[in-house]
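K.L.:
My file is target-v3.csv. It has CSV, C-alpha atoms:
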```
chain,number,residue,atom,x,y,z
A,6,ASP,CA,17.5,-1.6,80.1
A,7,ILE,CA,14.4,-3.5,78.8
A,8,VAL,CA,15.6,-6.6,76.8
A,9,MET,CA,13.5,-7.5,73.8
A,10,THR,CA,13.7,-11.2,72.6
A,11,GLN,CA,12.3,-12.3,69.3
A,12,GLY,CA,11.5,-15.8,68.2
A,13,ALA,CA,12.5,-17.4,64.9
A,14,LEU,CA,10.3,-18.4,62.0
A,15,PRO,CA,10.3,-21.9,60.4
A,16,ASN,CA,11.6,-20.6,57.1
A,17,PRO,CA,10.8,-20.6,54.3
A,18,VAL,CA,7.1,-19.9,54.7
A,19,PRO,CA,4.9,-21.1,51.8
A,20,SER,CA,3.2,-18.2,49.9
A,21,GLY,CA,-0.4,-17.8,51.0
A,22,GLU,CA,0.2,-19.3,54.4
A,23,SER,CA,0.1,-17.4,57.7
A,24,ALA,CA,3.1,-16.6,59.8
A,25,SER,CA,3.4,-15.5,63.5
A,26,ILE,CA,6.4,-13.7,65.0
A,27,THR,CA,6.8,-13.6,68.7
A,28,CYS,CA,8.5,-11.0,70.9
A,29,GLN,CA,9.0,-10.9,74.6
A,30,SER,CA,10.0,-8.0,76.8
A,31,SER,CA,11.9,-8.2,80.2
A,32,LYS,CA,9.5,-5.7,81.7
A,33,SER,CA,5.8,-5.0,81.1
A,34,LEU,CA,5.2,-2.5,78.4
A,35,LEU,CA,1.7,-1.9,79.6
A,36,HIS,CA,1.4,1.7,80.9
A,37,SER,CA,-1.0,2.9,83.5
A,38,ASN,CA,-2.8,4.8,80.7
A,39,GLY,CA,-3.8,1.4,79.3
A,40,LYS,CA,-1.6,1.6,76.3
A,41,THR,CA,1.1,-0.9,75.5
A,42,TYR,CA,4.3,0.7,74.2
A,43,LEU,CA,5.3,-1.7,71.5
A,44,ASN,CA,6.1,-1.2,67.8
A,45,TRP,CA,6.6,-3.6,65.0
A,46,TYR,CA,8.8,-2.8,62.0
A,47,LEU,CA,9.6,-4.5,58.7
A,48,GLN,CA,12.9,-3.9,57.0
A,49,ARG,CA,12.8,-5.1,53.4
A,50,PRO,CA,16.2,-6.0,51.8
A,51,GLY,CA,18.2,-2.8,51.1
A,52,GLN,CA,15.6,-0.5,52.7
A,53,SER,CA,15.1,1.4,55.9
A,54,PRO,CA,12.6,0.0,58.4
A,55,GLN,CA,8.9,0.6,57.9
A,56,LEU,CA,6.6,1.0,60.8
A,57,LEU,CA,3.8,-1.7,60.7
A,58,ILE,CA,2.2,-1.6,64.1
A,59,TYR,CA,2.3,0.7,67.1
A,60,TRP,CA,0.6,0.6,70.5
A,61,MET,CA,1.0,-3.2,70.1
A,62,SER,CA,-2.1,-3.6,67.9
A,63,THR,CA,-2.7,-0.4,65.8
A,64,ARG,CA,-1.8,-0.6,62.2
A,65,ALA,CA,0.2,2.3,60.8
A,66,SER,CA,-1.2,4.3,57.9
A,67,GLY,CA,-1.2,2.4,54.6
A,68,VAL,CA,-0.3,-1.0,56.2
A,69,SER,CA,-2.2,-4.0,54.9
A,70,ASP,CA,-4.8,-5.5,57.1
A,71,ARG,CA,-3.0,-8.9,56.6
A,72,PHE,CA,-0.8,-7.6,59.5
A,73,SER,CA,-2.1,-7.7,63.0
A,74,GLY,CA,-0.5,-7.3,66.4
A,75,SER,CA,-1.6,-8.7,69.8
A,76,GLY,CA,-0.3,-9.6,73.2
A,77,SER,CA,-0.1,-9.0,76.9
A,78,GLY,CA,2.3,-6.7,78.8
A,79,THR,CA,5.4,-8.8,78.1
A,80,ASP,CA,4.5,-11.3,75.3
A,81,PHE,CA,3.6,-10.1,71.9
A,82,THR,CA,2.7,-11.6,68.5
A,83,LEU,CA,2.8,-10.2,65.0
A,84,LYS,CA,0.6,-12.2,62.7
A,85,ILE,CA,0.8,-12.1,58.9
A,86,SER,CA,-2.1,-13.7,57.2
A,87,SER,CA,-1.5,-15.0,53.6
A,88,VAL,CA,2.2,-14.2,53.3
A,89,GLU,CA,3.1,-12.5,50.0
A,90,ALA,CA,6.4,-11.8,48.3
A,91,GLU,CA,6.5,-8.2,49.5
A,92,ASP,CA,6.5,-9.4,53.1
A,93,VAL,CA,10.0,-10.8,52.8
A,94,GLY,CA,12.5,-9.1,55.1
A,95,VAL,CA,13.4,-8.8,58.7
A,96,TYR,CA,10.8,-8.0,61.4
A,97,TYR,CA,11.8,-6.1,64.5
A,98,CYS,CA,9.8,-5.4,67.7
A,99,GLN,CA,10.7,-2.3,69.7
A,100,GLN,CA,9.7,-0.9,73.1
A,101,PHE,CA,9.1,2.8,73.5
A,102,LEU,CA,8.1,2.8,77.1
A,103,GLU,CA,11.4,4.1,78.3
A,104,TYR,CA,14.9,5.1,77.3
A,105,PRO,CA,17.0,3.6,76.0
A,106,ARG,CA,14.6,2.5,73.3
A,107,THR,CA,15.4,-1.2,72.6
A,108,PHE,CA,14.8,-3.5,69.7
A,109,GLY,CA,14.5,-7.2,69.4
A,110,GLY,CA,17.2,-9.0,67.4
A,111,GLY,CA,15.0,-9.4,64.4
A,112,THR,CA,13.1,-12.2,62.8
A,113,LYS,CA,13.8,-13.1,59.1
A,114,LEU,CA,10.9,-14.1,56.9
A,115,GLU,CA,11.8,-16.0,53.7
A,116,LEU,CA,9.2,-17.1,51.1
A,117,LYS,CA,8.9,-20.5,49.7
B,23,VAL,CA,7.3,13.3,55.5
B,24,GLN,CA,10.8,13.2,54.1
B,25,LEU,CA,14.1,12.7,56.0
B,26,VAL,CA,17.4,12.8,54.1
B,27,GLU,CA,20.6,12.0,55.9
B,28,SER,CA,24.1,13.2,54.8
B,29,GLY,CA,27.6,13.6,56.0
B,30,GLY,CA,28.7,10.0,56.2
B,31,GLY,CA,32.0,8.5,55.0
B,32,LEU,CA,35.2,6.8,55.9
B,33,VAL,CA,37.0,8.2,59.0
B,34,GLN,CA,39.9,7.0,61.1
B,35,PRO,CA,39.5,5.8,64.7
B,36,GLY,CA,39.6,8.7,67.1
B,37,LYS,CA,38.4,11.2,64.6
B,38,SER,CA,35.1,13.1,64.3
B,39,LEU,CA,32.3,13.3,61.9
B,40,LYS,CA,29.0,15.3,61.8
B,41,LEU,CA,25.8,13.8,60.3
B,42,SER,CA,22.9,15.9,59.1
B,43,CYS,CA,19.3,15.0,58.5
B,44,SER,CA,17.2,17.4,56.5
B,45,ALA,CA,13.5,17.2,57.3
B,46,SER,CA,10.5,18.2,55.2
B,47,GLY,CA,6.7,17.6,55.0
B,48,PHE,CA,6.0,18.3,58.6
B,49,THR,CA,6.5,21.0,61.3
B,50,PHE,CA,9.9,19.9,62.3
B,51,SER,CA,10.1,22.1,65.4
B,52,SER,CA,7.1,20.3,66.9
B,53,TYR,CA,8.6,16.8,67.0
B,54,GLY,CA,11.2,14.9,68.9
B,55,MET,CA,13.7,13.2,66.7
B,56,HIS,CA,15.9,10.1,66.9
B,57,TRP,CA,19.1,8.7,65.6
B,58,ILE,CA,19.3,4.9,65.2
B,59,ARG,CA,22.1,2.9,63.7
B,60,GLN,CA,22.6,-0.5,62.2
B,61,ALA,CA,26.0,-2.2,61.9
B,62,PRO,CA,26.6,-4.2,58.7
B,63,GLY,CA,24.5,-7.3,58.8
B,64,LYS,CA,23.2,-6.6,62.3
B,65,GLY,CA,20.1,-5.4,64.0
B,66,LEU,CA,18.8,-2.0,65.0
B,67,ASP,CA,20.5,0.0,67.7
B,68,TRP,CA,18.9,3.2,69.1
B,69,VAL,CA,21.5,6.0,69.6
B,70,ALA,CA,20.0,9.3,70.7
B,71,TYR,CA,16.9,11.4,71.0
B,72,ILE,CA,16.2,15.1,71.1
B,73,SER,CA,12.8,16.5,72.1
B,74,SER,CA,11.0,19.4,70.5
B,75,SER,CA,12.4,21.5,73.4
B,76,SER,CA,15.9,20.2,72.8
B,77,GLY,CA,16.1,17.9,75.8
B,78,THR,CA,18.5,15.0,75.0
B,79,VAL,CA,18.9,11.3,75.8
B,80,TYR,CA,21.8,9.0,74.7
B,81,ALA,CA,22.6,5.3,74.6
B,82,ASP,CA,25.3,4.4,77.1
B,83,ALA,CA,27.6,3.3,74.2
B,84,VAL,CA,27.8,6.8,72.8
B,85,LYS,CA,27.2,9.0,75.9
B,86,GLY,CA,30.0,11.5,76.1
B,87,ARG,CA,31.2,11.0,72.6
B,88,PHE,CA,28.1,11.8,70.4
B,89,THR,CA,26.0,14.9,70.5
B,90,ILE,CA,22.5,15.3,69.1
B,91,SER,CA,21.3,18.7,68.2
B,92,ARG,CA,18.7,20.5,66.0
B,93,ASP,CA,18.3,23.7,64.1
B,94,ASN,CA,14.6,24.4,63.7
B,95,ALA,CA,15.2,27.4,61.4
B,96,LYS,CA,16.9,25.0,59.0
B,97,ASN,CA,14.6,22.0,59.6
B,98,THR,CA,17.7,20.0,60.3
B,99,LEU,CA,18.8,17.4,62.8
B,100,TYR,CA,22.5,16.7,63.6
B,101,LEU,CA,24.6,14.1,65.2
B,102,GLN,CA,28.2,15.0,66.1
B,103,LEU,CA,30.3,11.9,66.4
B,104,ASN,CA,33.6,12.3,68.3
B,105,SER,CA,36.3,9.8,69.4
B,106,LEU,CA,35.0,7.3,66.8
B,107,LYS,CA,35.6,3.6,67.3
B,108,SER,CA,35.5,0.7,64.8
B,109,GLU,CA,32.3,-0.5,66.5
B,110,ASP,CA,30.6,2.8,65.5
B,111,THR,CA,30.7,1.6,61.9
B,112,ALA,CA,27.1,1.5,60.8
B,113,ILE,CA,24.3,2.9,58.7
B,114,TYR,CA,22.9,5.9,60.7
B,115,TYR,CA,19.2,6.6,60.3
B,116,CYS,CA,17.3,9.7,61.5
B,117,ALA,CA,13.7,9.0,62.5
B,118,ARG,CA,10.6,10.8,63.6
B,119,GLU,CA,9.0,7.9,65.4
B,120,GLY,CA,7.5,5.8,62.6
B,121,ASP,CA,9.2,7.7,59.7
B,122,TRP,CA,12.8,6.9,58.9
B,123,GLY,CA,15.3,8.3,56.4
B,124,GLN,CA,17.2,6.2,54.0
B,125,GLY,CA,20.3,6.2,56.2
B,126,VAL,CA,23.9,7.3,55.8
B,127,MET,CA,26.9,5.0,56.1
B,128,VAL,CA,29.7,5.7,58.5
B,129,THR,CA,32.9,3.6,58.3
B,130,VAL,CA,35.5,3.9,61.0
B,131,SER,CA,38.7,2.3,59.9
B,132,SER,CA,42.4,3.1,59.6
```
Translate the structure described by the file into structure tokens.

P.N.:
Amino acid sequence: DIVMTQGALPNPVPSGESASITCQSSKSLLHSNGKTYLNWYLQRPGQSPQLLIYWMSTRASGVSDRFSGSGSGTDFTLKISSVEAEDVGVYYCQQFLEYPRTFGGGTKLELK
Amino acid sequence: VQLVESGGGLVQPGKSLKLSCSASGFTFSSYGMHWIRQAPGKGLDWVAYISSSSGTVYADAVKGRFTISRDNAKNTLYLQLNSLKSEDTAIYYCAREGDWGQGVMVTVSS
């Protein structure tokens, strides 16, 4: 199975500052078709997860352009510019290259 | 897109439960669907997938105990949970890739 490992944030993050969340996969998620099979989700308190980014760097419909995804085949970053109150929650990376689909352990964002 | 799970509850270890996920707002028969779970206070754990042609894949932890199925005429996804264990206690979400339902709680306890 592909293991997904997420880094922690230096919480709490001051409002208006930027925050970067890292994720590492045990196997390259870069497919021969040139696409990288990585999603980012945000789970706000008491809610189900919301898709933010797919194909490593494509924002999902309706997602603020304050969110951006980048990376290589095994190392990924979700950047949130100018953190706001609505960004609070737990962020998860997920690989969808192969089954079983696996998630990172989550990274909690708290606001100062 | 709307996904609404139902069928959760409190069940004793070793017993069974069947979850349903009613789908609307898209052509259900054209999409593969997932079940994903989240134990209380824990992270996300992928459970099973069924393709539009009803091919299935399971996580090792549930293989042989859980069965994913679909009824395209009813726009409904199912998860049959057998031989339940305390570690199956979780919120169960159905999902169509980026779209998730609100989840349904399953508690396995005597």

K.L.:
Counting only C-alpha atoms, which residues in chain A sit no more than 9 Å from chain B? For each one, give the nearest pair of atoms and the distance in Å, sorted by chain then residue number, as a tab-separated table.

P.N.:
```
residue	atom	partner	partner_atom	distance
A:Asn44	CA	B:Gly120	CA	8.8
A:Tyr46	CA	B:Gly120	CA	8.7
A:Gln52	CA	B:Gln124	CA	7.0
A:Ser53	CA	B:Gln124	CA	5.6
A:Pro54	CA	B:Trp122	CA	6.9
A:Gln55	CA	B:Gly120	CA	7.1
A:Leu56	CA	B:Gly120	CA	5.2
A:Leu57	CA	B:Gly120	CA	8.6
A:Tyr59	CA	B:Gly120	CA	8.6
A:Ala65	CA	B:Gly120	CA	8.3
A:Tyr97	CA	B:Leu66	CA	8.1
A:Tyr104	CA	B:Val79	CA	7.5
A:Pro105	CA	B:Ala81	CA	6.0
A:Arg106	CA	B:Trp68	CA	6.1
A:Thr107	CA	B:Trp68	CA	6.6
A:Phe108	CA	B:Leu66	CA	6.4
A:Gly109	CA	B:Gly65	CA	8.0
A:Gly110	CA	B:Gly65	CA	5.7
A:Gly111	CA	B:Gly65	CA	6.5
```

K.L.:
Identify the residues within 12 Å of coordinate (0.1, -16.9, 60.4) (same frame as the file), considering only C-alpha atoms, and give the answer as a PyMOL selection string.

P.N.:
chain A and resi 14-15+18-27+71-74+82-89+114

K.L.:
Measuring between all atoms listed in the file, which one of B:Met55, B:Leu41, B:Val84, B:Ile72 shows the shortest distance to Met127 in chain B?

P.N.:
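Checking each candidate against Met127 in chain B, we get B:Leu41 as the closest.
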
K.L.:
Tell me, in Å to one decimal, how far CA of Asp110 in chain B is from CA of Ser30 in chain A.

P.N.:
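Result for CA of Asp110 in chain B versus CA of Ser30 in chain A: 25.9 Å, one decimal.
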
K.L.:
Of the residues B:Leu103, B:Gly47, B:Arg118, B:Ser52, which is the one nearest to Val33 in chain B, using only C-alpha atoms?

P.N.:
B:Leu103

K.L.:
Excluding Leu32 in chain B and residues on its chain fewer than 6 positions from it, collect all residues at most 7 Å away from it, counting all atoms listed in the file, and give them as a list in words.

P.N.:
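Counting all atoms listed in the file, the residues come to Val128, Thr129, Val130 and Ser131 of chain B.
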
K.L.:
Please return, as a ChimeraX atom specification, all polymer residues that have at least one atom within 12 Å of the point (5.0, 1.2, 77.2); use all atoms listed in the file and the file's own coordinate frame.

P.N.:
/A:7,30,32-44,59-61,77-79,99-104,106-107

K.L.:
Any chance you can output those residues with C-alpha atoms as a CSV table (one decimal), in the coordinates of the input?

P.N.:
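Resulting contents of again_16.csv:
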```
chain,number,residue,atom,x,y,z
A,7,ILE,CA,14.4,-3.5,78.8
A,30,SER,CA,10.0,-8.0,76.8
A,32,LYS,CA,9.5,-5.7,81.7
A,33,SER,CA,5.8,-5.0,81.1
A,34,LEU,CA,5.2,-2.5,78.4
A,35,LEU,CA,1.7,-1.9,79.6
A,36,HIS,CA,1.4,1.7,80.9
A,37,SER,CA,-1.0,2.9,83.5
A,38,ASN,CA,-2.8,4.8,80.7
A,39,GLY,CA,-3.8,1.4,79.3
A,40,LYS,CA,-1.6,1.6,76.3
A,41,THR,CA,1.1,-0.9,75.5
A,42,TYR,CA,4.3,0.7,74.2
A,43,LEU,CA,5.3,-1.7,71.5
A,44,ASN,CA,6.1,-1.2,67.8
A,59,TYR,CA,2.3,0.7,67.1
A,60,TRP,CA,0.6,0.6,70.5
A,61,MET,CA,1.0,-3.2,70.1
A,77,SER,CA,-0.1,-9.0,76.9
A,78,GLY,CA,2.3,-6.7,78.8
A,79,THR,CA,5.4,-8.8,78.1
A,99,GLN,CA,10.7,-2.3,69.7
A,100,GLN,CA,9.7,-0.9,73.1
A,101,PHE,CA,9.1,2.8,73.5
A,102,LEU,CA,8.1,2.8,77.1
A,103,GLU,CA,11.4,4.1,78.3
A,104,TYR,CA,14.9,5.1,77.3
A,106,ARG,CA,14.6,2.5,73.3
A,107,THR,CA,15.4,-1.2,72.6
```

K.L.:
Figure out the distance between CA of Phe81 in chain A and CA of Tyr53 in chain B, please, to one decimal in Å.

P.N.:
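These atoms are spaced 27.8 Å apart.
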
K.L.:
Could you check the closest approach to Ala13 in chain A for each of A:Ile58, A:Lys117, A:Cys28, A:Ser69 and tell me which residue wins, using all atoms listed in the file?

P.N.:
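Smallest distance to Ala13 in chain A is found for A:Cys28.
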
K.L.:
Can you sort out range 23-44 of chain A so it carries N, CA, C and O atoms, written as a compact mmCIF listing (two decimals), in the frame of the given file?

P.N.:
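As written to disk, out04.txt reads:
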```txt
# COMPACT_ATOMS: atom_id res chain seq x y z
N SER A 23 -0.06 -18.40 56.65
CA SER A 23 0.10 -17.40 57.70
C SER A 23 1.39 -17.59 58.45
O SER A 23 1.95 -18.70 58.44
N ALA A 24 1.88 -16.52 59.06
CA ALA A 24 3.10 -16.60 59.80
C ALA A 24 2.94 -15.75 61.10
O ALA A 24 2.32 -14.68 61.04
N SER A 25 3.47 -16.24 62.20
CA SER A 25 3.40 -15.50 63.50
C SER A 25 4.79 -15.31 64.04
O SER A 25 5.56 -16.27 64.13
N ILE A 26 5.10 -14.09 64.39
CA ILE A 26 6.40 -13.70 65.00
C ILE A 26 6.20 -13.32 66.41
O ILE A 26 5.33 -12.50 66.70
N THR A 27 7.01 -13.89 67.29
CA THR A 27 6.80 -13.60 68.70
C THR A 27 7.94 -12.65 69.20
O THR A 27 9.05 -12.60 68.66
N CYS A 28 7.59 -11.93 70.25
CA CYS A 28 8.50 -11.00 70.90
C CYS A 28 8.20 -10.97 72.37
O CYS A 28 7.02 -10.98 72.75
N GLN A 29 9.22 -10.96 73.17
CA GLN A 29 9.00 -10.90 74.60
C GLN A 29 9.87 -9.82 75.22
O GLN A 29 11.02 -9.60 74.81
N SER A 30 9.31 -9.09 76.17
CA SER A 30 10.00 -8.00 76.80
C SER A 30 10.36 -8.41 78.27
O SER A 30 9.61 -9.16 78.89
N SER A 31 11.48 -7.89 78.79
CA SER A 31 11.90 -8.20 80.20
C SER A 31 11.14 -7.43 81.21
O SER A 31 11.27 -7.71 82.41
N LYS A 32 10.33 -6.49 80.76
CA LYS A 32 9.50 -5.70 81.70
C LYS A 32 8.20 -5.39 80.97
O LYS A 32 8.15 -5.28 79.74
N SER A 33 7.13 -5.31 81.74
CA SER A 33 5.80 -5.00 81.10
C SER A 33 5.84 -3.69 80.43
O SER A 33 6.35 -2.69 80.94
N LEU A 34 5.30 -3.70 79.21
CA LEU A 34 5.20 -2.50 78.40
C LEU A 34 3.82 -1.85 78.51
O LEU A 34 3.52 -0.89 77.79
N LEU A 35 3.00 -2.38 79.39
CA LEU A 35 1.70 -1.90 79.60
C LEU A 35 1.75 -0.69 80.59
O LEU A 35 2.15 -0.85 81.75
N HIS A 36 1.39 0.49 80.10
CA HIS A 36 1.40 1.70 80.90
C HIS A 36 0.15 1.84 81.70
O HIS A 36 -0.87 1.23 81.36
N SER A 37 0.17 2.66 82.71
CA SER A 37 -1.00 2.90 83.50
C SER A 37 -2.12 3.59 82.73
O SER A 37 -3.28 3.59 83.15
N ASN A 38 -1.75 4.15 81.56
CA ASN A 38 -2.80 4.80 80.70
C ASN A 38 -3.52 3.76 79.86
O ASN A 38 -4.36 4.13 79.03
N GLY A 39 -3.16 2.49 80.03
CA GLY A 39 -3.80 1.40 79.30
C GLY A 39 -3.22 1.07 77.97
O GLY A 39 -3.64 0.12 77.32
N LYS A 40 -2.22 1.84 77.54
CA LYS A 40 -1.60 1.60 76.30
C LYS A 40 -0.32 0.73 76.46
O LYS A 40 0.38 0.87 77.46
N THR A 41 -0.04 -0.10 75.47
CA THR A 41 1.10 -0.90 75.50
C THR A 41 2.15 -0.38 74.50
O THR A 41 1.86 -0.28 73.31
N TYR A 42 3.33 -0.06 75.00
CA TYR A 42 4.30 0.70 74.20
C TYR A 42 5.22 -0.19 73.41
O TYR A 42 6.43 -0.29 73.64
N LEU A 43 4.61 -0.80 72.37
CA LEU A 43 5.30 -1.70 71.50
C LEU A 43 5.09 -1.40 70.05
O LEU A 43 3.95 -1.25 69.64
N ASN A 44 6.17 -1.33 69.28
CA ASN A 44 6.10 -1.20 67.80
C ASN A 44 6.59 -2.43 67.12
O ASN A 44 7.42 -3.16 67.65
```
